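Undergrad: This is the structure, below, for whatever I ask next.
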Number of protein chains: 2
Amino acid sequence: MEQSAGDLLKSKGLRNTAPRRAILTALQGHPHSTASDLERRIGARKSGSSGLSKQGLYNALEVLTNAQLIRCFEPAGSPALYELRVCDNHHHLVCRKCGVLEDVDCHTGVAPCLDPVESKGFAIDEAEITWWGLCAQCQETVAGS
Amino acid sequence: MEQSAGDLLKSKGLRNTAPRRAILTALQGHPHSTASDLERRIGARKSGSSGLSKQGLYNALEVLTNAQLIRCFEPAGSPALYELRVCDNHHHLVCRKCGVLEDVDCHTGVAPCLDPVESKGFAIDEAEITWWGLCAQCQETVAGS
DNA sequence: CCTCAAAACTTGACTGAGTCAACTCTGGTG
DNA sequence: CACCAGAGTTGACTCAGTCAAGTTTTGAGG
């Protein structure tokens with residue numbers, strides 16, 4: 001198996017606290033979670049367990065993001081989504097109708113995978129690509145109507 | 001000169017109302033405006049003139065966006081930005097530090113300008129690309145500190 | 001030019017996502 | 001095992017945007 005949440009935190013020199021472990025664990029198997037998804041999922045663990053405060057959640061998410069343990073992504077019209085896949089510079093496909101979201105591998109795998117026509121003097125470190133369209137299911141719905 | 005705001009509205013079969021004309025006019029020379037920028041700019045016109053309500057503004061922006069007279073763009077961490085450039089599928093460069101935003105032409109000029117490695121059954125109509133980095137000015141600041 | 005209904009706009013209450021600030025608790029080092 | 005900086009809690013607050021119900025305006029037809 002992979003490293004435990006605690007080991008991951010240690011390997012980045014971060015404190016090994018229950019909320020942080022809970023977030024990392026809660027993200028496994030739920031690749032695109034909003035802050036409130038996480039709040040619900042963590043709060044709902046076996047009764048008696050913590051249930052992290054909103055502020056604590058945002059603090060922890062920020063720390064984990066800065067440490068590159070998780071990645072944050074904000075598609076237009078949606079709250080921020082957090083995911084465990086990092087360092088592979090993958091991109092996203094979003095359905096305009098139902099909002100479903102899919103990961104797409106990057107053709108190069110390292111950021112920035114793409115250069116702009118002109119950089120206007122910027123030092124670019126990432127090219128974020130979002131493809132918009134209709135998912136297979138919504139295409140059927142539209143065609144059938 | 002270009003078509004007047006009124007003519008543009010007519011050409012799309014939309015009603016020619018003062019607020020809509022005001023929005024189109026206010027966007028000229030202010031390529032990336034938030035809803036509240038627009039509210040301020042329109043409200044501030046010569047006294048006695050309208051000053052559009054918040055709801056009216058959002059309604060009008062939605063109509064104009066649907067009619068392809070303006071385009072809406074939401075970079076992470078910022079409210080929605082509206083711009084007049086449409087139909088050229090251009091992209092954006094954003095400074096991570098100061099938030100400054102630049103337009104970048106698309107190398108093809110038509111959407112979607114780029115195909116994903118795998119489309120997962122989606123019918124894709126747009127590839128939205130955002131480059132993140134540091135603008136020339138912020139690079140100097142960092143280097144100098 | 002006048003009328004009228006649909007379309008557009010206004011008002012004001014409300015929501016959701018995230019932030020601020022002040023206080024308390026705890027992990028892990030000495 | 002005591003300490004304290006870093007982590008978490010609480011609760012008020014902001015900002016961007018939405019909802020719903022009522023009023024005004026636009027422009028097509030008489």
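FYI, nothing fancy with the structure tokens labels: chains A, B, ... in order, residues from 1 per chain, ligands from 1 as they appear.
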Residues near Gly56 in chain B, anyone? I mean within 10 Å using only C-alpha atoms (C1' of nucleotides), not counting same-chain ones fewer than 4 positions away, as a ChimeraX atom specification.
TA: /B:19-20,52,60-62 /C:8-10
Undergrad: With 12 Å as the limit and counting only C-alpha atoms (C1' of nucleotides), what residues in chain A lie close to chain D? Please list them as a CSV table (one decimal) with all heavy atoms, in the first residue's frame.
TA:
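Below you can see iface-v6.csv, which holds the result:
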chain,number,residue,atom,x,y,z
A,14,LEU,N,5.4,18.4,8.2
A,14,LEU,CA,4.2,19.0,8.8
A,14,LEU,C,3.8,18.2,10.0
A,14,LEU,O,4.1,17.0,10.1
A,14,LEU,CB,3.0,18.9,7.8
A,14,LEU,CG,3.3,19.6,6.4
A,14,LEU,CD1,2.1,19.3,5.5
A,14,LEU,CD2,3.5,21.0,6.6
A,15,ARG,N,3.1,18.9,10.9
A,15,ARG,CA,2.6,18.2,12.1
A,15,ARG,C,1.6,17.2,11.7
A,15,ARG,O,0.7,17.4,10.9
A,15,ARG,CB,2.0,19.2,13.0
A,15,ARG,CG,3.0,20.0,13.8
A,15,ARG,CD,2.4,20.4,15.1
A,15,ARG,NE,3.3,21.3,15.8
A,15,ARG,CZ,2.9,21.9,16.9
A,15,ARG,NH1,1.7,21.8,17.3
A,15,ARG,NH2,3.7,22.7,17.5
A,16,ASN,N,1.7,16.1,12.4
A,16,ASN,CA,0.8,14.9,12.2
A,16,ASN,C,-0.4,15.0,13.0
A,16,ASN,O,-0.5,14.5,14.1
A,16,ASN,CB,1.6,13.7,12.5
A,16,ASN,CG,0.8,12.4,12.3
A,16,ASN,OD1,-0.3,12.5,11.9
A,16,ASN,ND2,1.4,11.3,12.7
A,17,THR,N,-1.5,15.8,12.5
A,17,THR,CA,-2.6,16.0,13.4
A,17,THR,C,-3.8,15.2,12.8
A,17,THR,O,-3.9,14.9,11.6
A,17,THR,CB,-3.0,17.5,13.4
A,17,THR,OG1,-3.5,17.9,12.2
A,17,THR,CG2,-1.8,18.3,13.8
A,18,ALA,N,-4.8,15.0,13.7
A,18,ALA,CA,-6.0,14.2,13.3
A,18,ALA,C,-6.7,14.8,12.1
A,18,ALA,O,-7.0,14.1,11.2
A,18,ALA,CB,-6.9,14.0,14.5
A,19,PRO,N,-7.0,16.1,12.2
A,19,PRO,CA,-7.8,16.7,11.0
A,19,PRO,C,-7.0,16.5,9.7
A,19,PRO,O,-7.7,16.2,8.7
A,19,PRO,CB,-7.8,18.2,11.4
A,19,PRO,CG,-7.7,18.2,12.9
A,19,PRO,CD,-6.8,17.1,13.2
A,20,ARG,N,-5.7,16.7,9.7
A,20,ARG,CA,-5.0,16.6,8.4
A,20,ARG,C,-5.1,15.1,7.9
A,20,ARG,O,-5.3,14.9,6.7
A,20,ARG,CB,-3.6,17.0,8.6
A,20,ARG,CG,-3.5,18.5,8.9
A,20,ARG,CD,-2.1,18.9,9.1
A,20,ARG,NE,-2.1,20.4,9.5
A,20,ARG,CZ,-1.0,21.1,9.8
A,20,ARG,NH1,0.2,20.5,9.8
A,20,ARG,NH2,-1.1,22.3,10.0
A,50,SER,N,-14.0,13.7,16.1
A,50,SER,CA,-13.9,15.1,16.0
A,50,SER,C,-15.0,15.8,15.3
A,50,SER,O,-15.9,16.4,15.9
A,50,SER,CB,-12.6,15.5,15.3
A,50,SER,OG,-12.6,15.0,14.0
A,51,GLY,N,-15.0,15.8,14.0
A,51,GLY,CA,-15.8,16.7,13.2
A,51,GLY,C,-15.0,18.0,13.3
A,51,GLY,O,-15.0,18.7,14.3
A,52,LEU,N,-14.4,18.4,12.2
A,52,LEU,CA,-13.5,19.5,12.1
A,52,LEU,C,-14.3,20.8,11.9
A,52,LEU,O,-15.2,20.8,11.2
A,52,LEU,CB,-12.6,19.2,11.0
A,52,LEU,CG,-11.5,20.2,10.6
A,52,LEU,CD1,-10.6,20.5,11.8
A,52,LEU,CD2,-10.7,19.6,9.4
A,53,SER,N,-13.8,21.9,12.5
A,53,SER,CA,-14.5,23.2,12.3
A,53,SER,C,-14.2,23.7,10.9
A,53,SER,O,-13.2,23.3,10.2
A,53,SER,CB,-14.0,24.2,13.3
A,53,SER,OG,-12.6,24.5,13.0
A,54,LYS,N,-15.1,24.5,10.4
A,54,LYS,CA,-14.9,25.1,9.1
A,54,LYS,C,-13.6,25.7,8.9
A,54,LYS,O,-12.9,25.5,7.9
A,54,LYS,CB,-16.0,26.0,8.8
A,54,LYS,CG,-16.0,26.6,7.4
A,54,LYS,CD,-17.3,27.3,7.0
A,54,LYS,CE,-17.6,28.4,7.9
A,54,LYS,NZ,-18.5,29.4,7.2
A,55,GLN,N,-13.2,26.6,9.9
A,55,GLN,CA,-12.0,27.3,9.7
A,55,GLN,C,-10.8,26.3,9.8
A,55,GLN,O,-9.8,26.5,9.0
A,55,GLN,CB,-11.9,28.3,10.9
A,55,GLN,CG,-10.7,29.2,10.8
A,55,GLN,CD,-10.8,30.0,9.5
A,55,GLN,OE1,-11.8,30.6,9.2
A,55,GLN,NE2,-9.8,30.0,8.7
A,56,GLY,N,-10.8,25.3,10.6
A,56,GLY,CA,-9.8,24.4,10.7
A,56,GLY,C,-9.6,23.6,9.4
A,56,GLY,O,-8.5,23.4,8.9
A,57,LEU,N,-10.7,23.3,8.8
A,57,LEU,CA,-10.7,22.7,7.5
A,57,LEU,C,-10.0,23.5,6.4
A,57,LEU,O,-9.1,23.1,5.8
A,57,LEU,CB,-12.2,22.4,7.0
A,57,LEU,CG,-12.4,21.8,5.7
A,57,LEU,CD1,-11.7,20.4,5.6
A,57,LEU,CD2,-13.9,21.7,5.4
A,58,TYR,N,-10.4,24.8,6.4
A,58,TYR,CA,-9.7,25.7,5.4
A,58,TYR,C,-8.3,25.9,5.6
A,58,TYR,O,-7.4,25.9,4.7
A,58,TYR,CB,-10.5,27.0,5.3
A,58,TYR,CG,-11.7,27.0,4.5
A,58,TYR,CD1,-13.0,27.0,5.1
A,58,TYR,CD2,-11.7,26.9,3.1
A,58,TYR,CE1,-14.1,26.9,4.3
A,58,TYR,CE2,-12.8,26.8,2.3
A,58,TYR,CZ,-14.1,26.8,3.0
A,58,TYR,OH,-15.2,26.8,2.2
A,59,ASN,N,-7.9,26.0,6.9
A,59,ASN,CA,-6.5,26.1,7.3
A,59,ASN,C,-5.7,24.9,6.8
A,59,ASN,O,-4.7,25.0,6.1
A,59,ASN,CB,-6.3,26.2,8.8
A,59,ASN,CG,-6.7,27.6,9.3
A,59,ASN,OD1,-7.0,28.5,8.5
A,59,ASN,ND2,-6.9,27.7,10.6
A,60,ALA,N,-6.3,23.7,7.1
A,60,ALA,CA,-5.6,22.5,6.8
A,60,ALA,C,-5.5,22.3,5.3
A,60,ALA,O,-4.4,21.9,4.8
A,60,ALA,CB,-6.3,21.3,7.4
A,63,VAL,N,-2.7,24.4,4.0
A,63,VAL,CA,-1.4,23.9,4.4
A,63,VAL,C,-1.0,22.7,3.4
A,63,VAL,O,0.1,22.6,2.9
A,63,VAL,CB,-1.3,23.4,5.8
A,63,VAL,CG1,-0.1,22.6,6.1
A,63,VAL,CG2,-1.4,24.6,6.8
A,77,GLY,N,-18.1,28.5,-11.9
A,77,GLY,CA,-19.4,28.1,-11.4
A,77,GLY,C,-19.5,27.0,-10.3
A,77,GLY,O,-20.5,26.5,-10.0
Undergrad: So which residues of range 9-142 of chain A fall under alpha helix (DSSP H) by DSSP, listed as a ChimeraX atom specification?
TA: /A:9-11,18-27,35-43,54-66,136-142
Undergrad: Determine, using only C-alpha atoms (C1' of nucleotides), which residues of chain C have any atom at most 10 Å from an atom of chain A, and tabulate each with its shortest atom pair and distance in Å to one decimal place, rows ordered by chain and then rising number, as a Markdown table.
TA:
| residue | atom | partner | partner_atom | distance |
| --- | --- | --- | --- | --- |
| C:DG16 | C1' | A:Pro79 | CA | 9.1 |
| C:DA17 | C1' | A:Pro79 | CA | 7.0 |
| C:DG18 | C1' | A:Tyr58 | CA | 8.5 |
| C:DT19 | C1' | A:Gln55 | CA | 8.9 |
| C:DT26 | C1' | A:Thr17 | CA | 9.1 |
| C:DG27 | C1' | A:Arg15 | CA | 7.1 |
| C:DG28 | C1' | A:Arg15 | CA | 8.6 |
Undergrad: Got a sec: who's within 9 Å of range 135-145 of chain A, counting only C-alpha atoms (C1' of nucleotides), leaving out chain neighbours fewer than 5 positions off, as a PyMOL selection string?
TA: (chain A and resi 93-101) or (chain B and resi 120-124)
Undergrad: For the residues in the current selection, export N, CA and C atoms as a PDB file, in the first residue's frame.
TA:
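File produced: part_10.pdb:
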ATOM      1  N   LEU A  93     -11.962  17.745 -17.681  1.00  0.00           N
ATOM      2  CA  LEU A  93     -13.067  17.791 -18.628  1.00  0.00           C
ATOM      3  C   LEU A  93     -14.328  18.079 -17.824  1.00  0.00           C
ATOM      4  N   VAL A  94     -15.100  19.077 -18.206  1.00  0.00           N
ATOM      5  CA  VAL A  94     -16.301  19.396 -17.444  1.00  0.00           C
ATOM      6  C   VAL A  94     -17.524  19.392 -18.345  1.00  0.00           C
ATOM      7  N   CYS A  95     -18.595  18.776 -17.876  1.00  0.00           N
ATOM      8  CA  CYS A  95     -19.843  18.770 -18.640  1.00  0.00           C
ATOM      9  C   CYS A  95     -20.602  20.057 -18.355  1.00  0.00           C
ATOM     10  N   ARG A  96     -20.991  20.772 -19.405  1.00  0.00           N
ATOM     11  CA  ARG A  96     -21.693  22.045 -19.234  1.00  0.00           C
ATOM     12  C   ARG A  96     -23.075  21.835 -18.648  1.00  0.00           C
ATOM     13  N   LYS A  97     -23.620  20.653 -18.843  1.00  0.00           N
ATOM     14  CA  LYS A  97     -25.005  20.456 -18.427  1.00  0.00           C
ATOM     15  C   LYS A  97     -25.088  19.917 -16.998  1.00  0.00           C
ATOM     16  N   CYS A  98     -24.466  18.774 -16.756  1.00  0.00           N
ATOM     17  CA  CYS A  98     -24.639  18.152 -15.441  1.00  0.00           C
ATOM     18  C   CYS A  98     -23.462  18.442 -14.518  1.00  0.00           C
ATOM     19  N   GLY A  99     -22.422  19.057 -15.041  1.00  0.00           N
ATOM     20  CA  GLY A  99     -21.311  19.452 -14.179  1.00  0.00           C
ATOM     21  C   GLY A  99     -20.328  18.334 -13.867  1.00  0.00           C
ATOM     22  N   VAL A 100     -20.572  17.161 -14.427  1.00  0.00           N
ATOM     23  CA  VAL A 100     -19.669  16.042 -14.141  1.00  0.00           C
ATOM     24  C   VAL A 100     -18.242  16.376 -14.564  1.00  0.00           C
ATOM     25  N   LEU A 101     -17.288  15.849 -13.830  1.00  0.00           N
ATOM     26  CA  LEU A 101     -15.901  16.230 -14.015  1.00  0.00           C
ATOM     27  C   LEU A 101     -15.021  14.997 -14.177  1.00  0.00           C
TER      28      LEU A 101
ATOM     29  N   LYS B 120     -13.075  10.707 -23.141  1.00  0.00           N
ATOM     30  CA  LYS B 120     -14.025  10.072 -22.221  1.00  0.00           C
ATOM     31  C   LYS B 120     -15.480  10.205 -22.688  1.00  0.00           C
ATOM     32  N   GLY B 121     -15.690  10.236 -23.991  1.00  0.00           N
ATOM     33  CA  GLY B 121     -17.051  10.297 -24.513  1.00  0.00           C
ATOM     34  C   GLY B 121     -17.657  11.684 -24.543  1.00  0.00           C
ATOM     35  N   PHE B 122     -16.923  12.688 -24.129  1.00  0.00           N
ATOM     36  CA  PHE B 122     -17.463  14.045 -24.126  1.00  0.00           C
ATOM     37  C   PHE B 122     -17.490  14.628 -25.541  1.00  0.00           C
ATOM     38  N   ALA B 123     -18.517  15.460 -25.812  1.00  0.00           N
ATOM     39  CA  ALA B 123     -18.523  16.269 -27.027  1.00  0.00           C
ATOM     40  C   ALA B 123     -17.961  17.627 -26.627  1.00  0.00           C
ATOM     41  N   ILE B 124     -16.715  17.845 -26.943  1.00  0.00           N
ATOM     42  CA  ILE B 124     -16.023  19.025 -26.440  1.00  0.00           C
ATOM     43  C   ILE B 124     -16.221  20.200 -27.375  1.00  0.00           C
TER      44      ILE B 124
END
